[in-house]
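Asker: Let me give you the structure first, and then I'll get to my questions.
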Amino acid sequence: MAVEKFPVEASHILMFARSVGDENPIYSDEAHAAASEVGKIIAPPTFAQASAQFDPDYFLRPKPGKPWFGSGGEPTGIKRESSGSGSGSGGGGIAAGLHAEQHFEYHRHISPGDVLTAEVKPGKTWEKEGKRSGKLIFNETITEYRDQNGDLVITARGVGVRTERPVDAGQ
Amino acid sequence: MALKQSEIKVGDTYSERLVEDLKRTQIVQYAGASGDYNPLHTDEVFTTEVAGYPSVFAHGMLTMGMTGKLLTNYVGDGRLTKYGVRFTSQVWPGDTLDSTATIEAIRDEDGEQLVDLSVQTVNQEGRVVLSGTATARIDD
């Protein structure tokens, strides 16, 4: 995911904080935030992940006129060669693609008015044999978020895992 | 309120209930806010009939976001310098999640006082769904 322009906005922070059940006024109340140690509204710790909204090619967002692998009149709108048991590899985040790890390093906390870029760098790839889901293939990406001055504000490291079959529930 | 070095010690813990009976609607709410519309989280028909899971399940990042609330409630706003997790088990609609942060170290780095924490979030069966670490700036 490369993002050329991720404008950090107060209403987006408000919606994001609500979605994780966090009613802390530092994320929504300007007067409260101004009187606090921080001095202004900031974003919750995992907000940088919402940069996906500003990635024009983000593959987990349906786009007008483009095929989408979720259900419509039928269970899936796209014929997938390997869709039967979720054993497909990537392509649409089907059962094969899950989020294994996520790490953030905060050089400073972001606020409404910041305009960020996100540059993605490939990381390591490794494999492991899993009891619950067959062979596991791990893939790491590093995302560097920079502000309008070019300063590094957040470094994110994500690890995705692809599995041979869906992970069993309740194991 | 930030943590004060004089008032904490290694081994101290802080716990909160993150969510009770997680609703599908909250998962949809997170999809909308984060922009991750993976049908595995929002589309029961796709997830059960095509992908082969028993139901939709929460984004790992929703659990990380909810656990982040526990951390910021403990260490104070704008105090985190690092926060990282592993997603160890899936979170399903109906789950109730409890999380605990534990102080692992209190230290100085480049003149700043820092606390290192471990954090663990468990479901109603006691299964660990998220396991992570965080570092935060603290006061004297």
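We name chains A, B, ... following the order of the structure tokens; residues begin at 1 in each chain, and ligands are numbered from 1 as shown.
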Please identify all polymer residues within 10 Å of Met1 of chain B, counting only C-alpha atoms, omitting same-chain residues fewer than 5 positions from it, and present them as a ChimeraX atom specification.

Answerer: /A:36-37 /B:72-77,79,138-139

Asker: Restrict the selected residues to all heavy atoms and save them as a PDB file, in the first residue's frame.

Answerer:
ATOM      1  N   SER A  36      -5.564  19.826  27.539  1.00  0.00           N
ATOM      2  CA  SER A  36      -4.825  18.640  27.989  1.00  0.00           C
ATOM      3  C   SER A  36      -3.324  18.825  27.779  1.00  0.00           C
ATOM      4  O   SER A  36      -2.884  19.776  27.134  1.00  0.00           O
ATOM      5  CB  SER A  36      -5.296  17.404  27.212  1.00  0.00           C
ATOM      6  OG  SER A  36      -4.780  17.426  25.891  1.00  0.00           O
ATOM      7  N   GLU A  37      -2.571  17.870  28.302  1.00  0.00           N
ATOM      8  CA  GLU A  37      -1.118  17.914  28.119  1.00  0.00           C
ATOM      9  C   GLU A  37      -0.751  17.877  26.639  1.00  0.00           C
ATOM     10  O   GLU A  37       0.179  18.544  26.201  1.00  0.00           O
ATOM     11  CB  GLU A  37      -0.500  16.700  28.817  1.00  0.00           C
ATOM     12  CG  GLU A  37       0.995  16.601  28.638  1.00  0.00           C
ATOM     13  CD  GLU A  37       1.527  15.222  29.043  1.00  0.00           C
ATOM     14  OE1 GLU A  37       1.156  14.224  28.408  1.00  0.00           O
ATOM     15  OE2 GLU A  37       2.309  15.182  29.987  1.00  0.00           O
TER      16      GLU A  37
ATOM     17  N   THR B  72      -3.917   3.327  26.297  1.00  0.00           N
ATOM     18  CA  THR B  72      -3.917   4.791  26.447  1.00  0.00           C
ATOM     19  C   THR B  72      -4.656   5.205  27.717  1.00  0.00           C
ATOM     20  O   THR B  72      -4.308   6.208  28.339  1.00  0.00           O
ATOM     21  CB  THR B  72      -4.508   5.481  25.209  1.00  0.00           C
ATOM     22  OG1 THR B  72      -5.788   4.905  24.900  1.00  0.00           O
ATOM     23  CG2 THR B  72      -3.594   5.317  24.010  1.00  0.00           C
ATOM     24  N   ASN B  73      -5.663   4.429  28.125  1.00  0.00           N
ATOM     25  CA  ASN B  73      -6.323   4.732  29.397  1.00  0.00           C
ATOM     26  C   ASN B  73      -5.335   4.576  30.557  1.00  0.00           C
ATOM     27  O   ASN B  73      -5.430   5.280  31.562  1.00  0.00           O
ATOM     28  CB  ASN B  73      -7.522   3.801  29.625  1.00  0.00           C
ATOM     29  CG  ASN B  73      -8.726   4.203  28.802  1.00  0.00           C
ATOM     30  OD1 ASN B  73      -8.758   5.277  28.198  1.00  0.00           O
ATOM     31  ND2 ASN B  73      -9.724   3.332  28.760  1.00  0.00           N
ATOM     32  N   TYR B  74      -4.380   3.658  30.408  1.00  0.00           N
ATOM     33  CA  TYR B  74      -3.417   3.404  31.484  1.00  0.00           C
ATOM     34  C   TYR B  74      -2.243   4.388  31.440  1.00  0.00           C
ATOM     35  O   TYR B  74      -1.904   4.996  32.461  1.00  0.00           O
ATOM     36  CB  TYR B  74      -2.908   1.959  31.367  1.00  0.00           C
ATOM     37  CG  TYR B  74      -2.034   1.490  32.513  1.00  0.00           C
ATOM     38  CD1 TYR B  74      -2.289   1.890  33.824  1.00  0.00           C
ATOM     39  CD2 TYR B  74      -0.977   0.614  32.276  1.00  0.00           C
ATOM     40  CE1 TYR B  74      -1.488   1.433  34.868  1.00  0.00           C
ATOM     41  CE2 TYR B  74      -0.179   0.155  33.324  1.00  0.00           C
ATOM     42  CZ  TYR B  74      -0.437   0.573  34.620  1.00  0.00           C
ATOM     43  OH  TYR B  74       0.354   0.125  35.639  1.00  0.00           O
ATOM     44  N   VAL B  75      -1.645   4.553  30.273  1.00  0.00           N
ATOM     45  CA  VAL B  75      -0.395   5.344  30.211  1.00  0.00           C
ATOM     46  C   VAL B  75      -0.631   6.816  29.909  1.00  0.00           C
ATOM     47  O   VAL B  75       0.285   7.637  30.056  1.00  0.00           O
ATOM     48  CB  VAL B  75       0.609   4.770  29.183  1.00  0.00           C
ATOM     49  CG1 VAL B  75       0.893   3.294  29.459  1.00  0.00           C
ATOM     50  CG2 VAL B  75       0.138   4.974  27.743  1.00  0.00           C
ATOM     51  N   GLY B  76      -1.851   7.169  29.486  1.00  0.00           N
ATOM     52  CA  GLY B  76      -2.154   8.561  29.183  1.00  0.00           C
ATOM     53  C   GLY B  76      -2.134   8.840  27.689  1.00  0.00           C
ATOM     54  O   GLY B  76      -1.557   8.089  26.905  1.00  0.00           O
ATOM     55  N   ASP B  77      -2.743   9.965  27.333  1.00  0.00           N
ATOM     56  CA  ASP B  77      -2.878  10.311  25.917  1.00  0.00           C
ATOM     57  C   ASP B  77      -1.545  10.785  25.347  1.00  0.00           C
ATOM     58  O   ASP B  77      -0.827  11.570  25.971  1.00  0.00           O
ATOM     59  CB  ASP B  77      -3.916  11.429  25.751  1.00  0.00           C
ATOM     60  CG  ASP B  77      -5.283  10.994  26.260  1.00  0.00           C
ATOM     61  OD1 ASP B  77      -5.581   9.797  26.193  1.00  0.00           O
ATOM     62  OD2 ASP B  77      -6.037  11.872  26.747  1.00  0.00           O
ATOM     63  N   ARG B  79       1.195   9.262  24.930  1.00  0.00           N
ATOM     64  CA  ARG B  79       2.396   8.797  25.634  1.00  0.00           C
ATOM     65  C   ARG B  79       3.044   7.557  25.015  1.00  0.00           C
ATOM     66  O   ARG B  79       4.189   7.228  25.329  1.00  0.00           O
ATOM     67  CB  ARG B  79       2.037   8.487  27.097  1.00  0.00           C
ATOM     68  CG  ARG B  79       1.709   9.749  27.915  1.00  0.00           C
ATOM     69  CD  ARG B  79       2.979  10.501  28.215  1.00  0.00           C
ATOM     70  NE  ARG B  79       2.780  11.680  29.023  1.00  0.00           N
ATOM     71  CZ  ARG B  79       3.653  12.092  29.947  1.00  0.00           C
ATOM     72  NH1 ARG B  79       4.754  11.401  30.175  1.00  0.00           N
ATOM     73  NH2 ARG B  79       3.444  13.190  30.617  1.00  0.00           N
ATOM     74  N   ILE B 138       6.831   8.126  30.660  1.00  0.00           N
ATOM     75  CA  ILE B 138       6.205   8.358  31.962  1.00  0.00           C
ATOM     76  C   ILE B 138       6.843   9.572  32.620  1.00  0.00           C
ATOM     77  O   ILE B 138       7.875  10.082  32.170  1.00  0.00           O
ATOM     78  CB  ILE B 138       6.326   7.123  32.885  1.00  0.00           C
ATOM     79  CG1 ILE B 138       7.807   6.733  33.080  1.00  0.00           C
ATOM     80  CG2 ILE B 138       5.563   5.940  32.307  1.00  0.00           C
ATOM     81  CD1 ILE B 138       8.005   5.617  34.101  1.00  0.00           C
ATOM     82  N   ASP B 139       6.208  10.047  33.700  1.00  0.00           N
ATOM     83  CA  ASP B 139       6.732  11.178  34.450  1.00  0.00           C
ATOM     84  C   ASP B 139       7.536  10.691  35.650  1.00  0.00           C
ATOM     85  O   ASP B 139       7.478   9.518  36.009  1.00  0.00           O
ATOM     86  CB  ASP B 139       5.571  12.066  34.924  1.00  0.00           C
ATOM     87  CG  ASP B 139       4.899  12.774  33.758  1.00  0.00           C
ATOM     88  OD1 ASP B 139       5.558  12.958  32.707  1.00  0.00           O
ATOM     89  OD2 ASP B 139       3.714  13.121  33.898  1.00  0.00           O
TER      90      ASP B 139
END

Asker: Where does chain B meet chain A within 8 Å, residue by residue, with the nearest atom pair and distance in Å to one decimal for each, counting only C-alpha atoms, listed by chain and rising number, as a tab-separated table?

Answerer:
residue	atom	partner	partner_atom	distance
B:Val19	CA	A:Gly21	CA	8.0
B:Gln26	CA	A:Ser19	CA	6.4
B:Ile27	CA	A:Ser19	CA	7.9
B:Gln29	CA	A:Ser19	CA	5.3
B:Tyr30	CA	A:Ser19	CA	4.8
B:Ala33	CA	A:Phe16	CA	5.0
B:Ser34	CA	A:Ala50	CA	4.2
B:Gly35	CA	A:Gln53	CA	5.0
B:Asp36	CA	A:Leu60	CA	5.6
B:Tyr37	CA	A:Leu60	CA	5.3
B:Asn38	CA	A:Leu60	CA	5.2
B:Pro39	CA	A:Gly70	CA	5.5
B:Leu40	CA	A:Ile94	CA	7.2
B:Asp43	CA	A:Gly70	CA	6.7
B:Val45	CA	A:Pro75	CA	5.7
B:Phe46	CA	A:Pro75	CA	5.2
B:Glu49	CA	A:Pro75	CA	6.6
B:Val50	CA	A:Gly84	CA	5.9
B:Ala51	CA	A:Gly86	CA	4.6
B:Gly52	CA	A:Ser85	CA	5.9
B:Tyr53	CA	A:Pro166	CA	6.6
B:Pro54	CA	A:Ala169	CA	7.2
B:Gly60	CA	A:His99	CA	6.4
B:Met61	CA	A:Thr46	CA	7.6
B:Leu62	CA	A:Val20	CA	6.2
B:Thr63	CA	A:Val20	CA	7.9
B:Met64	CA	A:Thr46	CA	7.3
B:Gly65	CA	A:Val20	CA	5.6
B:Met66	CA	A:Val20	CA	5.1
B:Gly68	CA	A:Pro45	CA	6.3
B:Lys69	CA	A:Asp22	CA	6.1
B:Asp77	CA	A:Val38	CA	7.0
B:Gly78	CA	A:His109	CA	6.2
B:Leu80	CA	A:Tyr106	CA	7.0
B:Thr81	CA	A:Tyr106	CA	4.8
B:Lys82	CA	A:Glu105	CA	4.5
B:Tyr83	CA	A:Phe104	CA	5.2
B:Gly84	CA	A:His103	CA	3.7
B:Val85	CA	A:Gln102	CA	5.5
B:Arg86	CA	A:Glu101	CA	4.3
B:Phe87	CA	A:Ala100	CA	5.3
B:Thr88	CA	A:Ala100	CA	7.5
B:Gln90	CA	A:Ala169	CA	7.7

Asker: Quick one: write out the picked residues with N, CA and C atoms as a compact mmCIF listing (two decimals), in the first residue's frame?

Answerer:
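Okay, this is what ended up in selection-v1.txt:
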# COMPACT_ATOMS: atom_id res chain seq x y z
N VAL B 19 -14.85 -5.33 25.38
CA VAL B 19 -16.16 -5.41 24.71
C VAL B 19 -16.89 -6.62 25.27
N GLN B 26 -20.57 -3.80 15.07
CA GLN B 26 -19.33 -3.09 15.40
C GLN B 26 -18.22 -3.46 14.43
N ILE B 27 -18.22 -4.71 13.97
CA ILE B 27 -17.21 -5.13 12.99
C ILE B 27 -17.41 -4.35 11.68
N GLN B 29 -18.81 -1.41 11.52
CA GLN B 29 -18.42 -0.03 11.85
C GLN B 29 -16.91 0.13 11.69
N TYR B 30 -16.15 -0.87 12.15
CA TYR B 30 -14.70 -0.80 12.02
C TYR B 30 -14.27 -0.89 10.54
N ALA B 33 -14.76 2.58 9.06
CA ALA B 33 -13.81 3.60 9.53
C ALA B 33 -12.39 3.32 9.03
N SER B 34 -12.02 2.04 9.00
CA SER B 34 -10.63 1.72 8.64
C SER B 34 -10.45 1.61 7.14
N GLY B 35 -11.55 1.30 6.42
CA GLY B 35 -11.44 1.11 4.98
C GLY B 35 -11.13 -0.32 4.57
N ASP B 36 -11.06 -1.23 5.55
CA ASP B 36 -10.81 -2.65 5.24
C ASP B 36 -12.15 -3.36 5.12
N TYR B 37 -12.64 -3.50 3.88
CA TYR B 37 -13.95 -4.09 3.62
C TYR B 37 -13.86 -5.57 3.26
N ASN B 38 -12.82 -6.25 3.71
CA ASN B 38 -12.71 -7.68 3.44
C ASN B 38 -14.02 -8.38 3.83
N PRO B 39 -14.67 -9.08 2.87
CA PRO B 39 -15.94 -9.75 3.19
C PRO B 39 -15.84 -10.76 4.33
N LEU B 40 -14.63 -11.23 4.64
CA LEU B 40 -14.47 -12.16 5.76
C LEU B 40 -14.96 -11.53 7.07
N ASP B 43 -19.42 -10.15 5.56
CA ASP B 43 -20.31 -10.81 4.62
C ASP B 43 -20.44 -12.28 5.04
N VAL B 45 -22.54 -14.57 4.21
CA VAL B 45 -22.78 -15.53 3.12
C VAL B 45 -21.45 -15.95 2.49
N PHE B 46 -20.63 -14.96 2.13
CA PHE B 46 -19.33 -15.26 1.54
C PHE B 46 -18.47 -16.06 2.51
N GLU B 49 -20.10 -19.69 3.12
CA GLU B 49 -20.33 -20.57 1.96
C GLU B 49 -19.13 -20.66 1.02
N VAL B 50 -18.35 -19.62 0.95
CA VAL B 50 -17.21 -19.63 0.03
C VAL B 50 -15.89 -19.85 0.77
N ALA B 51 -15.66 -19.07 1.82
CA ALA B 51 -14.37 -19.12 2.49
C ALA B 51 -14.26 -20.27 3.49
N GLY B 52 -15.41 -20.80 3.94
CA GLY B 52 -15.38 -21.99 4.77
C GLY B 52 -15.18 -21.74 6.26
N TYR B 53 -15.49 -20.54 6.73
CA TYR B 53 -15.43 -20.26 8.17
C TYR B 53 -16.83 -20.37 8.77
N PRO B 54 -16.91 -20.60 10.09
CA PRO B 54 -18.23 -20.74 10.71
C PRO B 54 -19.05 -19.45 10.75
N GLY B 60 -8.34 -8.34 12.90
CA GLY B 60 -7.33 -8.29 13.96
C GLY B 60 -7.13 -6.86 14.44
N MET B 61 -7.18 -5.93 13.49
CA MET B 61 -6.92 -4.53 13.85
C MET B 61 -8.02 -3.93 14.73
N LEU B 62 -9.22 -4.52 14.69
CA LEU B 62 -10.26 -4.07 15.63
C LEU B 62 -9.86 -4.46 17.05
N THR B 63 -9.39 -5.69 17.22
CA THR B 63 -8.93 -6.13 18.54
C THR B 63 -7.73 -5.29 18.98
N MET B 64 -6.83 -5.00 18.04
CA MET B 64 -5.67 -4.17 18.40
C MET B 64 -6.13 -2.75 18.77
N GLY B 65 -7.13 -2.24 18.06
CA GLY B 65 -7.64 -0.90 18.36
C GLY B 65 -8.30 -0.86 19.73
N MET B 66 -9.10 -1.89 20.04
CA MET B 66 -9.77 -1.93 21.35
C MET B 66 -8.74 -2.09 22.46
N GLY B 68 -5.73 -1.03 22.29
CA GLY B 68 -5.05 0.27 22.36
C GLY B 68 -5.74 1.23 23.32
N LYS B 69 -7.05 1.10 23.41
CA LYS B 69 -7.81 1.94 24.34
C LYS B 69 -7.40 1.66 25.78
N ASP B 77 -2.74 9.97 27.33
CA ASP B 77 -2.88 10.31 25.92
C ASP B 77 -1.54 10.78 25.35
N GLY B 78 -1.22 10.30 24.16
CA GLY B 78 -0.02 10.77 23.46
C GLY B 78 1.28 10.27 24.07
N LEU B 80 2.29 6.84 24.18
CA LEU B 80 2.86 5.62 23.60
C LEU B 80 3.99 5.97 22.62
N THR B 81 5.08 5.23 22.70
CA THR B 81 6.13 5.35 21.69
C THR B 81 6.21 4.10 20.81
N LYS B 82 5.72 2.98 21.34
CA LYS B 82 5.68 1.74 20.57
C LYS B 82 4.47 0.93 21.01
N TYR B 83 3.89 0.23 20.03
CA TYR B 83 2.78 -0.66 20.33
C TYR B 83 2.76 -1.72 19.23
N GLY B 84 2.95 -2.98 19.63
CA GLY B 84 2.97 -4.06 18.63
C GLY B 84 2.28 -5.30 19.17
N VAL B 85 1.64 -6.05 18.28
CA VAL B 85 0.91 -7.24 18.73
C VAL B 85 1.04 -8.37 17.73
N ARG B 86 0.78 -9.57 18.26
CA ARG B 86 0.53 -10.76 17.43
C ARG B 86 -0.92 -11.15 17.64
N PHE B 87 -1.59 -11.53 16.54
CA PHE B 87 -2.96 -12.00 16.63
C PHE B 87 -2.91 -13.52 16.76
N THR B 88 -3.29 -14.03 17.92
CA THR B 88 -3.05 -15.44 18.21
C THR B 88 -4.29 -16.31 18.02
N GLN B 90 -8.67 -16.06 16.46
CA GLN B 90 -9.68 -15.18 15.89
C GLN B 90 -10.69 -14.72 16.93

Asker: Write down as a VMD selection string the residues belonging to segment 3-163 of chain A that are assigned strand (DSSP E) by DSSP computed on the backbone.

Answerer: chain A and resid 3 to 7 97 to 106 115 to 130 134 to 146 152 to 163

Asker: Considering only C-alpha atoms, can you say which of A:Ile78, A:Thr163, A:Glu9, A:Lys66 comes closest to Ser133 of chain A?

Answerer: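 Ranking A:Ile78, A:Thr163, A:Glu9, A:Lys66 by distance to Ser133 of chain A, first place goes to A:Thr163.
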
Asker: Can you work out the spacing between atom CA of Pro93 of chain B and atom CA of Ala31 of chain B in Å, to one decimal?

Answerer: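 Going from atom CA of Pro93 of chain B over to atom CA of Ala31 of chain B, I get 14.3 Å.
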
Asker: Rounded to one decimal, what separation in Å do you get between atom CA of Ala101 of chain B and atom CA of Val56 of chain B?

Answerer: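 Result for atom CA of Ala101 of chain B versus atom CA of Val56 of chain B: 27.8 Å, one decimal.
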
Asker: If we count only C-alpha atoms, what is near Gln5 of chain B at a cut-off of 10 Å, once residues fewer than 4 positions away on the same chain are taken out, given as a PyMOL selection string?

Answerer: chain B and resi 9+106-107+113-115+137-140

Asker: Write the selection just made, keeping N, CA and C atoms, as an mmCIF file, in the first residue's frame?

Answerer:
data_model
loop_
_atom_site.group_PDB
_atom_site.id
_atom_site.type_symbol
_atom_site.label_atom_id
_atom_site.label_comp_id
_atom_site.auth_asym_id
_atom_site.auth_seq_id
_atom_site.Cartn_x
_atom_site.Cartn_y
_atom_site.Cartn_z
ATOM 1 N N LYS B 9 5.512 0.066 39.783
ATOM 2 C CA LYS B 9 6.609 -0.886 39.921
ATOM 3 C C LYS B 9 6.417 -2.032 38.934
ATOM 4 N N ILE B 106 10.926 -0.561 33.892
ATOM 5 C CA ILE B 106 10.892 0.895 34.013
ATOM 6 C C ILE B 106 12.323 1.349 33.798
ATOM 7 N N ARG B 107 12.556 2.234 32.848
ATOM 8 C CA ARG B 107 13.947 2.523 32.476
ATOM 9 C C ARG B 107 14.107 3.936 31.951
ATOM 10 N N GLN B 113 12.115 8.961 30.689
ATOM 11 C CA GLN B 113 11.657 7.843 31.512
ATOM 12 C C GLN B 113 10.642 7.052 30.714
ATOM 13 N N LEU B 114 10.904 5.753 30.614
ATOM 14 C CA LEU B 114 10.009 4.914 29.817
ATOM 15 C C LEU B 114 9.522 3.725 30.631
ATOM 16 N N VAL B 115 8.353 3.240 30.262
ATOM 17 C CA VAL B 115 7.853 1.992 30.824
ATOM 18 C C VAL B 115 7.613 1.016 29.677
ATOM 19 N N ARG B 137 6.126 6.852 27.446
ATOM 20 C CA ARG B 137 6.840 7.843 28.254
ATOM 21 C C ARG B 137 6.078 8.040 29.567
ATOM 22 N N ILE B 138 6.831 8.126 30.660
ATOM 23 C CA ILE B 138 6.205 8.358 31.962
ATOM 24 C C ILE B 138 6.843 9.572 32.620
ATOM 25 N N ASP B 139 6.208 10.047 33.700
ATOM 26 C CA ASP B 139 6.732 11.178 34.450
ATOM 27 C C ASP B 139 7.536 10.691 35.650
ATOM 28 N N ASP B 140 8.247 11.599 36.274
ATOM 29 C CA ASP B 140 9.081 11.248 37.427
ATOM 30 C C ASP B 140 8.223 10.747 38.590
#
